[in-house]
Each structure stands twice: as structure tokens, then as C-alpha cells.
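K.L.:
Input entry_25.cif, format and content: mmCIF, C-alpha atoms.
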data_target
loop_
_atom_site.label_atom_id
_atom_site.label_comp_id
_atom_site.auth_asym_id
_atom_site.auth_seq_id
_atom_site.Cartn_x
_atom_site.Cartn_y
_atom_site.Cartn_z
CA MET P 1 22.46 53.59 -45.47
CA SER P 2 25.56 51.39 -45.34
CA ALA P 3 25.33 47.88 -43.88
CA GLY P 4 27.62 48.80 -41.00
CA ARG P 5 25.59 51.88 -40.08
CA ALA P 6 22.32 49.96 -40.34
CA GLY P 7 23.79 47.28 -38.10
CA TRP P 8 24.74 49.83 -35.48
CA ARG P 9 21.31 51.42 -35.67
CA THR P 10 19.63 48.02 -35.22
CA ALA P 11 21.90 47.27 -32.26
CA ALA P 12 21.04 50.63 -30.69
CA VAL P 13 17.29 50.06 -31.13
CA ALA P 14 17.62 46.53 -29.72
CA VAL P 15 19.48 47.78 -26.65
CA GLY P 16 16.92 50.57 -26.27
CA ALA P 17 14.05 48.06 -26.43
CA ALA P 18 15.73 45.84 -23.82
CA LEU P 19 16.34 48.80 -21.49
CA ALA P 20 12.74 50.01 -21.94
CA VAL P 21 11.45 46.56 -20.98
CA LEU P 22 13.75 46.42 -17.94
CA GLY P 23 12.58 49.92 -16.99
CA ALA P 24 8.98 48.75 -17.11
CA TRP P 25 9.87 45.79 -14.90
CA ALA P 26 11.63 48.12 -12.47
CA LEU P 27 8.38 50.09 -12.13
CA VAL P 28 6.43 46.87 -11.55
CA VAL P 29 8.92 45.63 -8.93
CA ARG P 30 8.95 49.03 -7.23
CA ALA P 31 5.16 49.08 -7.12
CA GLY P 32 5.18 45.54 -5.69
CA LEU P 33 7.69 46.45 -2.97
CA ALA P 34 5.75 49.63 -2.15
CA ALA P 35 2.62 47.55 -1.69
CA ASP P 36 4.47 45.48 0.91
CA ASP P 37 4.70 48.61 3.10
CA GLU P 38 8.48 48.36 3.31
CA PRO P 39 9.88 51.72 4.37
CA GLY P 40 12.39 53.10 1.87
CA ILE P 41 12.81 50.96 -1.21
CA PRO P 42 16.51 50.33 -1.95
CA PRO P 43 17.26 50.97 -5.64
CA THR P 44 19.52 47.91 -5.77
CA GLU P 45 16.58 45.73 -4.72
CA VAL P 46 14.48 47.22 -7.52
CA LEU P 47 17.29 46.67 -10.01
CA VAL P 48 17.89 43.07 -8.93
CA GLY P 49 14.16 42.36 -9.04
CA ALA P 50 13.81 43.89 -12.51
CA LEU P 51 16.76 41.86 -13.79
CA PHE P 52 15.54 38.67 -12.12
CA PHE P 53 12.01 38.84 -13.52
CA GLY P 54 12.59 40.91 -16.65
CA TRP P 55 15.68 39.44 -18.30
CA PRO P 56 13.71 37.05 -20.55
CA HIS P 57 11.46 39.91 -21.69
CA ALA P 58 14.43 42.20 -22.33
CA LEU P 59 16.24 39.49 -24.26
CA ALA P 60 13.09 38.69 -26.27
CA ALA P 61 12.52 42.37 -27.09
CA ALA P 62 16.10 42.76 -28.34
CA THR P 63 15.84 39.49 -30.27
CA ALA P 64 12.58 40.57 -31.90
CA VAL P 65 14.10 43.91 -32.97
CA VAL P 66 17.12 42.21 -34.52
CA ALA P 67 14.96 39.57 -36.27
CA ALA P 68 12.59 42.22 -37.64
CA ALA P 69 15.47 44.36 -38.89
CA ARG P 70 17.07 41.31 -40.49
CA THR P 71 13.83 40.39 -42.29
CA ALA P 72 12.36 43.76 -43.18
CA VAL P 73 14.76 44.62 -45.97
CA GLY P 74 13.56 46.74 -48.87
CA ALA P 75 13.88 49.94 -50.82
CA ASP P 76 11.04 51.73 -49.02
CA GLY P 77 8.37 51.29 -46.35
CA PRO P 78 5.97 49.13 -48.42
CA ALA P 79 8.81 46.84 -49.53
CA ARG P 80 10.03 46.47 -45.94
CA LEU P 81 6.49 45.83 -44.70
CA LEU P 82 5.91 43.08 -47.27
CA ALA P 83 9.35 41.57 -46.62
CA LEU P 84 8.50 41.41 -42.91
CA ALA P 85 5.07 39.87 -43.59
CA THR P 86 6.44 37.27 -45.96
CA GLY P 87 9.24 36.60 -43.50
CA GLY P 88 11.83 37.16 -46.22
CA ARG P 89 11.05 33.60 -47.26
CA ARG P 90 12.17 32.09 -50.50
CA ASP P 91 8.80 30.44 -51.10
CA GLU P 92 7.02 30.97 -54.40
CA TRP P 93 4.16 33.21 -53.28
CA GLY P 94 6.10 35.41 -50.90
CA THR P 95 8.65 36.04 -53.65
CA ALA P 96 5.83 36.60 -56.17
CA MET P 97 4.19 39.31 -54.07
CA ARG P 98 7.49 41.04 -53.37
CA ALA P 99 8.43 40.94 -57.07
CA GLU P 100 5.04 42.32 -58.04
CA LEU P 101 5.45 45.17 -55.58
CA ALA P 102 8.85 45.92 -57.11
CA SER P 103 7.16 46.37 -60.49
CA ILE P 104 4.66 48.93 -59.18
CA THR P 105 6.04 52.36 -59.86
CA VAL P 106 2.78 54.26 -60.39
CA SER P 107 2.86 56.00 -57.02
CA ARG P 108 3.98 55.47 -53.47
CA ARG P 109 0.32 55.33 -52.41
CA GLU P 110 -0.35 52.50 -54.82
CA ARG P 111 2.68 50.63 -53.49
CA ARG P 112 1.45 51.10 -49.93
CA ARG P 113 -2.04 49.86 -50.87
CA PHE P 114 -0.70 46.79 -52.64
CA ALA P 115 1.70 45.89 -49.81
CA ALA P 116 -0.96 46.39 -47.13
CA ALA P 117 -3.43 44.24 -49.05
CA CYS P 118 -0.86 41.44 -49.39
CA VAL P 119 0.05 41.38 -45.67
CA PRO P 120 -2.88 39.23 -44.38
CA THR P 121 -2.39 36.75 -47.22
CA ALA P 122 1.34 36.57 -46.56
CA LEU P 123 0.81 36.02 -42.84
CA ARG P 124 -1.77 33.28 -43.37
CA ARG P 125 0.15 31.49 -46.10
CA GLY P 126 1.65 28.20 -45.03
CA ALA P 127 0.18 28.18 -41.52
CA GLY P 128 -1.94 25.08 -42.08
CA ARG P 129 -3.63 23.26 -39.25
CA SER P 130 -0.54 22.05 -37.41
CA PRO P 131 -0.28 25.04 -34.99
CA TRP P 132 -3.80 24.26 -33.80
CA ILE P 133 -2.80 20.66 -33.22
CA THR P 134 0.11 21.95 -31.11
CA ALA P 135 -2.28 24.23 -29.22
CA THR P 136 -4.71 21.41 -28.53
CA LEU P 137 -2.00 19.03 -27.35
CA CYS P 138 -0.49 21.64 -25.02
CA GLY P 139 -3.94 22.62 -23.72
CA VAL P 140 -4.89 19.04 -22.89
CA LEU P 141 -1.48 18.33 -21.35
CA PHE P 142 -1.54 21.38 -19.06
CA ALA P 143 -5.19 20.93 -18.09
CA ALA P 144 -4.37 17.36 -17.04
CA LEU P 145 -1.19 18.49 -15.24
CA THR P 146 -3.03 21.25 -13.37
CA LEU P 147 -5.81 18.90 -12.30
CA ALA P 148 -3.49 16.02 -11.32
CA THR P 149 -1.11 18.18 -9.24
CA SER P 150 -4.07 19.94 -7.62
CA ARG P 151 -5.69 16.70 -6.47
CA ALA P 152 -2.36 15.20 -5.41
CA SER P 153 -1.56 18.25 -3.31
CA LEU P 154 -5.05 18.39 -1.80
CA ASP P 155 -4.69 14.75 -0.77
CA GLY P 156 -1.19 15.43 0.58
CA GLY P 157 0.34 18.44 2.26
CA ARG P 158 -2.09 21.03 0.85
CA ALA P 159 0.82 23.38 0.20
CA GLY P 160 -0.71 24.66 -3.02
CA SER P 161 -0.08 23.31 -6.48
CA LEU P 162 -0.68 26.03 -9.06
CA TRP P 163 2.63 27.82 -8.60
CA ALA P 164 4.60 24.71 -9.57
CA VAL P 165 2.48 24.30 -12.72
CA ILE P 166 2.49 27.86 -14.04
CA TYR P 167 6.05 28.90 -13.22
CA GLY P 168 8.59 26.77 -15.03
CA PRO P 169 6.89 24.03 -17.05
CA PRO P 170 5.15 26.42 -19.49
CA GLN P 171 8.35 28.38 -20.09
CA LEU P 172 10.28 25.20 -20.85
CA THR P 173 7.47 23.90 -23.07
CA LEU P 174 7.23 27.14 -25.05
CA LEU P 175 11.01 27.29 -25.45
CA ALA P 176 11.09 23.69 -26.69
CA VAL P 177 8.10 24.05 -29.03
CA GLY P 178 9.46 27.29 -30.51
CA PHE P 179 12.92 25.78 -30.94
CA VAL P 180 11.77 22.52 -32.55
CA ALA P 181 9.24 24.22 -34.85
CA ALA P 182 11.78 26.83 -35.99
CA TRP P 183 14.37 24.12 -36.52
CA THR P 184 12.13 21.83 -38.53
CA GLY P 185 10.36 24.69 -40.36
CA ARG P 186 13.72 26.37 -41.04
CA SER P 187 12.37 29.77 -39.98
CA MET P 188 11.68 31.86 -36.91
CA ARG P 189 8.16 32.43 -38.23
CA ALA P 190 7.38 28.70 -38.06
CA GLY P 191 8.66 28.64 -34.48
CA LEU P 192 6.57 31.66 -33.52
CA ARG P 193 3.43 30.17 -35.08
CA HIS P 194 3.69 26.93 -33.14
CA ALA P 195 4.93 28.42 -29.87
CA GLY P 196 2.28 31.16 -30.06
CA ALA P 197 -0.39 28.52 -30.56
CA ALA P 198 1.13 26.50 -27.71
CA LEU P 199 0.95 29.57 -25.45
CA VAL P 200 -2.76 29.98 -26.19
CA GLY P 201 -3.33 26.27 -25.62
CA ILE P 202 -1.44 26.27 -22.31
CA LEU P 203 -3.32 29.34 -21.08
CA VAL P 204 -6.71 27.86 -21.91
CA GLY P 205 -5.75 24.45 -20.50
CA VAL P 206 -4.50 25.85 -17.19
CA LEU P 207 -7.48 28.20 -16.77
CA VAL P 208 -10.05 25.51 -17.58
CA ALA P 209 -8.63 23.32 -14.81
CA ALA P 210 -7.35 25.94 -12.33
CA VAL P 211 -10.45 28.11 -11.96
CA PRO P 212 -12.79 25.32 -10.77
CA GLU P 213 -9.93 23.77 -8.78
CA GLY P 214 -9.28 27.14 -7.09
CA ALA P 215 -12.90 27.15 -5.96
CA HIS P 216 -12.55 23.52 -4.85
CA TRP P 217 -9.45 24.35 -2.76
CA ALA P 218 -11.30 27.21 -1.07
CA ARG P 219 -14.23 24.95 -0.17
CA GLU P 220 -12.19 21.89 0.85
CA ALA P 221 -9.13 23.43 2.52
CA GLY P 222 -9.97 27.12 2.96
CA VAL P 223 -6.69 28.14 1.30
CA PHE P 224 -5.55 29.45 -2.06
CA MET P 225 -4.57 26.92 -4.70
CA LEU P 226 -1.57 29.00 -5.84
CA ASP P 227 0.61 28.41 -2.79
CA GLY P 228 -1.62 27.03 -0.01
CA ASP P 229 -1.69 30.44 1.65
CA ALA P 230 -4.39 30.72 4.33
CA PRO P 231 -5.89 34.22 4.51
CA SER P 232 -6.77 35.82 7.85
CA THR P 233 -10.46 35.62 7.01
CA PRO P 234 -12.25 32.63 5.47
CA ILE P 235 -12.32 32.68 1.67
CA THR P 236 -15.27 31.94 -0.55
CA ALA P 237 -15.20 29.58 -3.52
CA ALA P 238 -15.51 32.59 -5.83
CA ALA P 239 -12.46 34.22 -4.24
CA GLY P 240 -10.52 30.98 -4.63
CA ALA P 241 -11.45 30.76 -8.30
CA ARG P 242 -10.63 34.44 -8.84
CA ASP P 243 -7.21 34.05 -7.22
CA ALA P 244 -6.39 31.09 -9.48
CA PHE P 245 -7.49 33.10 -12.53
CA THR P 246 -5.48 36.21 -11.58
CA ALA P 247 -2.40 34.19 -10.64
CA THR P 248 -2.47 32.37 -13.98
CA LEU P 249 -2.50 35.67 -15.84
CA THR P 250 0.08 37.53 -13.72
CA TRP P 251 2.51 34.86 -12.59
CA GLY P 252 1.73 32.74 -15.64
CA LEU P 253 0.96 34.53 -18.88
CA VAL P 254 3.12 37.59 -18.26
CA HIS P 255 6.14 35.38 -17.62
CA TRP P 256 5.40 33.05 -20.54
CA LEU P 257 5.36 35.73 -23.23
CA PRO P 258 9.10 35.94 -24.03
CA TRP P 259 9.72 32.23 -24.38
CA PRO P 260 8.09 31.62 -27.78
CA VAL P 261 10.31 34.39 -29.20
CA LEU P 262 13.45 33.04 -27.53
CA GLY P 263 12.80 29.44 -28.58
CA ALA P 264 11.94 30.37 -32.17
CA ALA P 265 14.94 32.67 -32.49
CA ALA P 266 17.33 30.07 -31.08
CA GLY P 267 15.94 27.30 -33.31
CA ALA P 268 16.11 29.41 -36.47
CA ARG P 269 19.59 30.70 -35.67
CA LEU P 270 21.08 27.31 -34.95
CA ARG P 271 19.42 25.86 -38.05
CA ARG P 272 20.89 28.61 -40.21
CA ARG P 273 24.31 27.91 -38.76
CA SER P 274 24.09 24.18 -39.30
CA ALA P 275 22.53 24.28 -42.79
CA PRO P 276 22.74 27.63 -44.57
CA VAL P 277 19.90 28.24 -47.04
CA ALA P 278 21.10 28.27 -50.63
CA ALA P 279 20.72 31.57 -52.44
CA PRO P 280 17.88 31.46 -54.99
CA ALA P 281 18.63 31.63 -58.65
CA GLY P 282 17.74 34.92 -60.29
CA MET K 1 -9.79 14.91 -52.74
CA THR K 2 -10.77 18.49 -53.64
CA ARG K 3 -14.13 19.64 -52.40
CA ALA K 4 -16.44 20.64 -55.22
CA ARG K 5 -18.10 23.87 -54.23
CA ARG K 6 -19.55 26.84 -55.97
CA PRO K 7 -16.79 29.35 -56.80
CA SER K 8 -17.16 32.91 -55.53
CA PRO K 9 -17.90 35.75 -57.98
CA GLN K 10 -14.32 36.96 -57.46
CA THR K 11 -12.93 33.52 -58.34
CA ILE K 12 -15.11 33.42 -61.45
CA ALA K 13 -13.89 36.90 -62.39
CA VAL K 14 -10.24 35.82 -62.05
CA LEU K 15 -10.91 32.67 -64.08
CA ASP K 16 -12.71 34.70 -66.76
CA ALA K 17 -9.88 37.24 -66.90
CA LEU K 18 -7.33 34.47 -67.37
CA ALA K 19 -9.56 32.74 -69.93
CA ALA K 20 -9.85 36.00 -71.89
CA LYS K 21 -6.08 36.02 -72.36
CA ALA K 22 -6.05 32.42 -73.58
CA SER K 23 -2.44 31.25 -73.59
CA ASP K 24 -0.93 34.65 -72.71
CA TRP K 25 0.50 35.15 -69.24
CA SER K 26 -0.98 37.61 -66.73
CA HIS K 27 0.55 39.39 -63.74
CA GLY K 28 -1.01 39.57 -60.29
CA TYR K 29 -1.08 43.36 -60.06
CA ASP K 30 -2.61 43.68 -63.53
CA LEU K 31 -5.35 41.23 -62.57
CA CYS K 32 -6.04 43.35 -59.47
CA ARG K 33 -6.31 46.52 -61.55
CA MET K 34 -8.35 44.93 -64.30
CA LEU K 35 -10.87 43.41 -61.91
CA GLY K 36 -10.88 46.22 -59.37
CA LEU K 37 -10.00 43.72 -56.65
CA LYS K 38 -7.43 44.05 -53.90
CA ALA K 39 -4.27 41.96 -53.88
CA GLY K 40 -5.51 40.39 -50.64
CA THR K 41 -8.41 38.95 -52.64
CA VAL K 42 -6.67 38.04 -55.89
CA TYR K 43 -3.58 36.30 -54.47
CA PRO K 44 -5.43 33.80 -52.26
CA ILE K 45 -7.60 32.95 -55.29
CA LEU K 46 -4.54 32.46 -57.49
CA MET K 47 -2.92 30.31 -54.78
CA ARG K 48 -5.99 28.08 -54.51
CA LEU K 49 -6.38 27.79 -58.27
CA ALA K 50 -2.68 26.93 -58.65
CA ASP K 51 -2.94 24.35 -55.83
CA ARG K 52 -5.88 22.76 -57.67
CA GLY K 53 -3.97 22.69 -60.95
CA LEU K 54 -6.35 25.10 -62.68
CA VAL K 55 -3.71 27.81 -63.08
CA GLU K 56 -0.16 27.44 -64.32
CA THR K 57 2.56 29.67 -62.90
CA ALA K 58 5.92 30.72 -64.25
CA TRP K 59 8.57 33.35 -63.65
CA GLU K 60 9.32 36.17 -66.06
CA GLU K 61 12.39 35.20 -68.06
CA ASP K 62 14.04 38.50 -68.92
CA PRO K 63 13.17 41.09 -66.30
CA PRO K 64 14.55 44.59 -66.73
CA PRO K 65 17.80 45.20 -64.86
CA GLY K 66 17.27 46.04 -61.21
CA ARG K 67 13.86 44.42 -60.94
CA PRO K 68 13.20 40.85 -59.83
CA PRO K 69 11.32 38.52 -62.20
CA ARG K 70 7.54 38.75 -61.87
CA HIS K 71 5.30 35.79 -61.30
CA LEU K 72 3.08 34.91 -64.27
CA TYR K 73 -0.27 33.14 -64.42
CA ARG K 74 -2.40 31.51 -67.07
CA LEU K 75 -5.12 28.89 -67.19
CA SER K 76 -4.02 25.29 -67.49
CA ALA K 77 -5.87 22.91 -69.79
CA ALA K 78 -7.82 21.71 -66.75
CA GLY K 79 -8.54 25.34 -65.84
CA ALA K 80 -9.85 26.13 -69.32
CA GLU K 81 -12.06 23.05 -69.10
CA HIS K 82 -13.24 24.16 -65.66
CA VAL K 83 -14.15 27.64 -66.95
CA ARG K 84 -16.14 26.14 -69.82
CA GLY K 85 -18.02 23.99 -67.31
CA LEU K 86 -18.97 26.87 -65.01
CA PRO K 87 -22.74 27.34 -64.85
CA ARG K 88 -23.43 30.88 -65.98
CA PRO K 89 -26.89 31.60 -67.37
CA GLU K 90 -27.07 35.09 -68.84
CA ALA K 91 -29.57 36.27 -66.28
CA ALA K 92 -27.43 35.11 -63.38
CA ALA K 93 -24.38 36.74 -64.93
CA SER K 94 -26.14 40.09 -65.20
CA ARG K 95 -27.41 39.80 -61.63
CA ARG K 96 -23.84 39.13 -60.46
CA ALA K 97 -22.58 42.08 -62.45
CA GLY K 98 -25.20 44.32 -60.91
CA ARG K 99 -24.42 43.10 -57.41
CA SER K 100 -20.65 43.06 -57.27
CA GLY K 101 -19.56 45.01 -60.28
CA VAL K 102 -16.76 42.51 -60.82
CA ALA K 103 -18.05 41.18 -64.14
CA GLY K 104 -18.64 44.72 -65.34
CA ARG K 105 -15.10 45.73 -64.48
CA LEU K 106 -13.86 42.60 -66.18
CA ALA K 107 -15.69 43.58 -69.37
CA ILE K 108 -14.16 47.06 -69.19
CA GLY K 109 -10.74 45.59 -68.42
CA ARG K 110 -10.88 43.41 -71.48
CA GLU K 111 -11.35 46.47 -73.63
CA LEU K 112 -8.48 48.42 -72.07
CA PRO K 113 -5.65 48.83 -74.52
CA GLY K 114 -2.62 47.06 -73.12
CA ALA K 115 -4.49 45.79 -70.09
CA GLY K 116 -2.74 42.87 -68.44
CA THR K 117 0.57 43.46 -70.11
#
Would you put the structure from the file into C-alpha cells?

P.N.:
Amino acid sequence: MSAGRAGWRTAAVAVGAALAVLGAWALVVRAGLAADDEPGIPPTEVLVGALFFGWPHALAAATAVVAAARTAVGADGPARLLALATGGRRDEWGTAMRAELASITVSRRERRRFAAACVPTALRRGAGRSPWITATLCGVLFAALTLATSRASLDGGRAGSLWAVIYGPPQLTLLAVGFVAAWTGRSMRAGLRHAGAALVGILVGVLVAAVPEGAHWAREAGVFMLDGDAPSTPITAAAGARDAFTATLTWGLVHWLPWPVLGAAAGARLRRRSAPVAAPAG
Amino acid sequence: MTRARRPSPQTIAVLDALAAKASDWSHGYDLCRMLGLKAGTVYPILMRLADRGLVETAWEEDPPPGRPPRHLYRLSAAGAEHVRGLPRPEAAASRRAGRSGVAGRLAIGRELPGAGT
């Protein structure tokens, strides 16, 4: 396949992935509006809602498709798989495994076996402990932030504190971590490793603080920690904790997912532009 | 400082296979075939041994046209010394062979004509 045709095919798949993600968001928004008992759901409202909430996911899906197509270059499936796993890196061991695969001509099955066996090694190679340090730092930071804002809001207007913690700060943090790690590591993979670890850390940190705080809000103020909403009937501590847990997953995690990809892609792209990697000898 | 710990049977098999070829270079895929081990086992071992300075690596100098140069491995002087220092009483060696089959495959691999080329 020519480079131009492959480029068009990649672009088509990327657009398709973005549209599929927006379609999924449209279904979610429609289901949300239907649950509000609004008679007749205007399609424009569904479209605007899907674009408003889903644009980062659509952009991340398209970015991931383009990055995968850019990396997974090879003569056949096993070669493309190994190129994707090694991240197309110029490091010694990634190149060694790809070169070894190129020398295997016994059978396609043997090539598949070799490539599949190399994938876990290629993915683990070079990870080190630093992503876990990132995860721990982010976890501690967001646990402290969740706890501090919760107590400050309880002592103040009691308007709820969780929303302000889970919608905005994590996205910015993940974007920044992904960008900086991809920039310094000179690859999107490095950005994804650190931002993925940061996402896990943030999730654990927020949950560890928010679930007991949600119960505390229910006992102390009789409202939900997310937004200070007072239900028509009194809430139990368990319901308060459950609401904090569910809100962190739905309004938090679901909306955080695209940002590691976007940050890592932006960092790697800008780094490539500013300092192109020299072609290897041989 | 490197932790001194007992090497796995697979690591010993890789070391023995490299020691059997003395100063000749080996390829990763040929080591996998000779030892009956998967690439996902052999490559991490080679990486660790290279990081510890027990294995030397190099790139093939004149690869055939259209194929990238392969990565080559052989024991370093420190690696050869390390292999000589490995505790391996005969009885333990036969027990290992019976349990994992790695040493047995290694013995067969050594006898294969052209193995490791």
C-alpha cells in the first residue's frame, strides 16, 4: 500500500473512531435527558451535550489511532505488533527483537509466536519505578486536596466540595504529567506510562478520602458531598459514601480517561518538532 | 550494588548455552530454539545478564540485503568466570533436568548440527 493511501486509510479510521465515540456519548446524553423526564428530547440538545462532554474522548480516540498507525509499521501482522509494542523505539533491545523477528522466515506461525512472546518484555522494558513515584505523588496530593476542600466546605457554606476536586484539576494534572513525561522521555509511550500511573494514583487518592468524607457529610450536614444537594428524604452515611464513590467514577474517572493520551501525544509531537530524532545508522 | 541471588534454571541454561559456544556469537531466536524457551523468557534474561556485564552484545556486521542486522550475544570474561563459579553438583543438575527439561534440551541443542548459527 502506498504511503498516501495508507495515510488516507488511517485518517478515515481516526475519523470513524472519533465519530463512534461521539455516538456513544450521544446515547449517554440522551439516556441522561430521558431520565430527567423531559418530554421530547431535541436532537440538537443531544448533539451539543455529546460534543460538550465527548470532545476530549473523540480527540483522544483519533489521536490514539494515528499514533498506533504511525508506530505499527511492518511487513506483516507480527512485525506490526512488535513495532507497536516496542513503540518503534530506537533503543537496543526493541531494535534487537524486531531484527530477530525479521530473520525468522520458517513460518508465519513461528513469527506470530515469537512476536507475541516478545510483547510483554517490550512493554515492560524501560518502565522502571518512576511511574509508581508519579502515581504515589498524585495519589497523596489528591487525597489531601479532597480532604482539605471537604473540611473547608463543611466549615463554610456546605455547598459540596467533591465536584470542584474531580472535575478540572485531575484533567489538568493528567494533561501536564503526560506532556512533561512525553517531552522528557522523547516518546508518547513515556507520557502514557506516567500519565496512566498518575490516573491510577489520582483515582485511589480521591476515593480513599472521598468515600469516608461522603459518609461524614451525610452524618454532619445531611447532604451529598458532591454538590451539597439535599435529598427529599434523610440520607444515611452509607448512601453518602456510595454517592461519593459513584460520582468519582462517573464524573471523575470517565472524564479523566482521554487526558493522558492527549497530554502524551502533545508532548511527543512538540518534542519531535523541536528536536527531530536522528536516523539510526544501518 | 547488584544483589547476589541464586539464578533461575532458565538463566543457568542461557549461561550454559553461551558458555558452550565460547567466543562465538549467538542469536536470540537460536537460543530460544536451542533451549526450548520462549522469547519472553530468554530476552529478559539476556537483558539482565547484559546489564550486569556478564554478556557482551554486538550487532551483525554484514546482514543480507533487505534484513536488518541481528543482535549478537556472547559471554564476557566476567560471565565466563560467573558460569565457572555456579554451584552445580551432578545430582542437582540431573534433578533440574528432570524437573524442567531445560538442561536436557540444552544438551540436545549442543549436538544439533548448525545449532546457534

K.L.:
Given the point (12.6, 42.7, -10.4) in the coordinates of this file, which residues lie within 10 Å, counting only C-alpha atoms, and how would they look as a PyMOL selection string?

P.N.:
chain P and resi 22-30+32-33+44-55

K.L.:
Taking all atoms listed in the file into account, which of P:Arg113, P:Arg5, P:His255, P:Arg108 comes nearest Lys38 of chain K?

P.N.:
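Among the listed residues, the smallest separation from Lys38 of chain K belongs to P:Arg113.
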
K.L.:
Hey, can you check how far atom CA of Leu86 of chain K sits from atom CA of Thr41 of chain K?

P.N.:
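About the pair atom CA of Leu86 of chain K and atom CA of Thr41 of chain K: they are 20.3 Å apart.
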
K.L.:
Could you tell me which of K:Ala39, K:Pro64, K:Val55, K:Glu81 comes closest to chain P if we count all atoms listed in the file?

P.N.:
K:Ala39

K.L.:
Let me know the residues the PyMOL selection byres ((chain K) within 9 of (chain P)) catches in the file above, as a list in words.

P.N.:
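When the PyMOL selection byres ((chain K) within 9 of (chain P)) is applied, the selected residues are His27, Gly28, Tyr29, Lys38, Ala39, Gly40, Thr41, Tyr43, Pro44, Met47, Trp59, Arg67, Pro68, Pro69, Arg70, His71 and Leu72 of chain K.
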
K.L.:
With C-alpha atoms kept, could you save the residues just selected as a PDB file, in the coordinates of the input?

P.N.:
ATOM      1  CA  HIS K  27       0.550  39.390 -63.740  1.00  0.00           C
ATOM      2  CA  GLY K  28      -1.010  39.570 -60.290  1.00  0.00           C
ATOM      3  CA  TYR K  29      -1.080  43.360 -60.060  1.00  0.00           C
ATOM      4  CA  LYS K  38      -7.430  44.050 -53.900  1.00  0.00           C
ATOM      5  CA  ALA K  39      -4.270  41.960 -53.880  1.00  0.00           C
ATOM      6  CA  GLY K  40      -5.510  40.390 -50.640  1.00  0.00           C
ATOM      7  CA  THR K  41      -8.410  38.950 -52.640  1.00  0.00           C
ATOM      8  CA  TYR K  43      -3.580  36.300 -54.470  1.00  0.00           C
ATOM      9  CA  PRO K  44      -5.430  33.800 -52.260  1.00  0.00           C
ATOM     10  CA  MET K  47      -2.920  30.310 -54.780  1.00  0.00           C
ATOM     11  CA  TRP K  59       8.570  33.350 -63.650  1.00  0.00           C
ATOM     12  CA  ARG K  67      13.860  44.420 -60.940  1.00  0.00           C
ATOM     13  CA  PRO K  68      13.200  40.850 -59.830  1.00  0.00           C
ATOM     14  CA  PRO K  69      11.320  38.520 -62.200  1.00  0.00           C
ATOM     15  CA  ARG K  70       7.540  38.750 -61.870  1.00  0.00           C
ATOM     16  CA  HIS K  71       5.300  35.790 -61.300  1.00  0.00           C
ATOM     17  CA  LEU K  72       3.080  34.910 -64.270  1.00  0.00           C
TER      18      LEU K  72
END

K.L.:
Listed atoms of segment 37-50 of chain K, axis-aligned box, 5 Å per side: centre and edge lengths to one decimal in Å, as JSON?

P.N.:
{"center_x": -6.3, "center_y": 35.5, "center_z": -54.6, "size_x": 17.3, "size_y": 27.1, "size_z": 18.0}

K.L.:
Which residue is closest to Lys21 of chain K? Choose from K:Gly85, K:Ala80, K:Asp51, K:Thr57 and count only C-alpha atoms.

P.N.:
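Closest residue, counting only C-alpha atoms: K:Ala80.
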
K.L.:
Apply the PyMOL selection byres ((chain K and resi 79) around 8) to the structure shown and report the selected residues as a list in words.

P.N.:
Leu15, Gly53, Leu54, Val55, Leu75, Ser76, Ala77, Ala78, Ala80, Glu81, His82 and Val83 of chain K

K.L.:
Work out how far apart atom CA of Phe142 of chain P and atom CA of Arg158 of chain P are and give it in Å to one decimal.

P.N.:
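Spanning atom CA of Phe142 of chain P to atom CA of Arg158 of chain P is a straight-line distance of 19.9 Å.
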
K.L.:
Just the residues within 12 Å of Arg273 of chain P, please, counting all atoms listed in the file, with nothing from its chain fewer than 6 positions along; format it as a PyMOL selection string.

P.N.:
chain P and resi 183+186+266-267

K.L.:
What's the separation between atom CA of Ala58 of chain K and atom CA of Asp91 of chain P, in Å to one decimal place?

P.N.:
13.5 Å

K.L.:
List the neighbours of Gly16 of chain P out to 10 Å using all atoms listed in the file; skip same-chain residues closer than 4 positions along the sequence, and give me the result as a list of chain:residue names.

P.N.:
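Answer for this query is P:Thr10, P:Ala11, P:Ala12, P:Ala20, P:Val21, P:Leu22, P:Ala58, P:Ala61, P:Ala62, P:Val65.
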
K.L.:
Return as a ChimeraX atom specification the set of residues that the PyMOL selection byres ((chain P and resi 174) around 9) yields on the displayed structure.

P.N.:
/P:169-173,175-179,194-196,198-199,256-257,259-263

K.L.:
Given the point (-10.7, 32.2, -3.8) in the coordinates of this file, which residues lie within 12 Å, counting only C-alpha atoms, and how would they look as JSON, numbers by chain?

P.N.:
{"P": [210, 211, 212, 213, 214, 215, 216, 217, 218, 219, 220, 221, 222, 223, 224, 225, 226, 227, 228, 229, 230, 231, 233, 234, 235, 236, 237, 238, 239, 240, 241, 242, 243, 244, 245, 246, 247]}

K.L.:
What lies within 8 Å of Ala83 of chain P using all atoms listed in the file, ignoring chain neighbours under 6 positions off, as a PyMOL selection string?

P.N.:
chain P and resi 71-74+98

K.L.:
Between P:Gly156, P:Asp76, P:Leu19, P:Thr63, which has the minimum distance to Thr105 of chain P (counting all atoms listed in the file)?

P.N.:
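Residue with the minimum atom-to-atom distance to Thr105 of chain P: P:Asp76.
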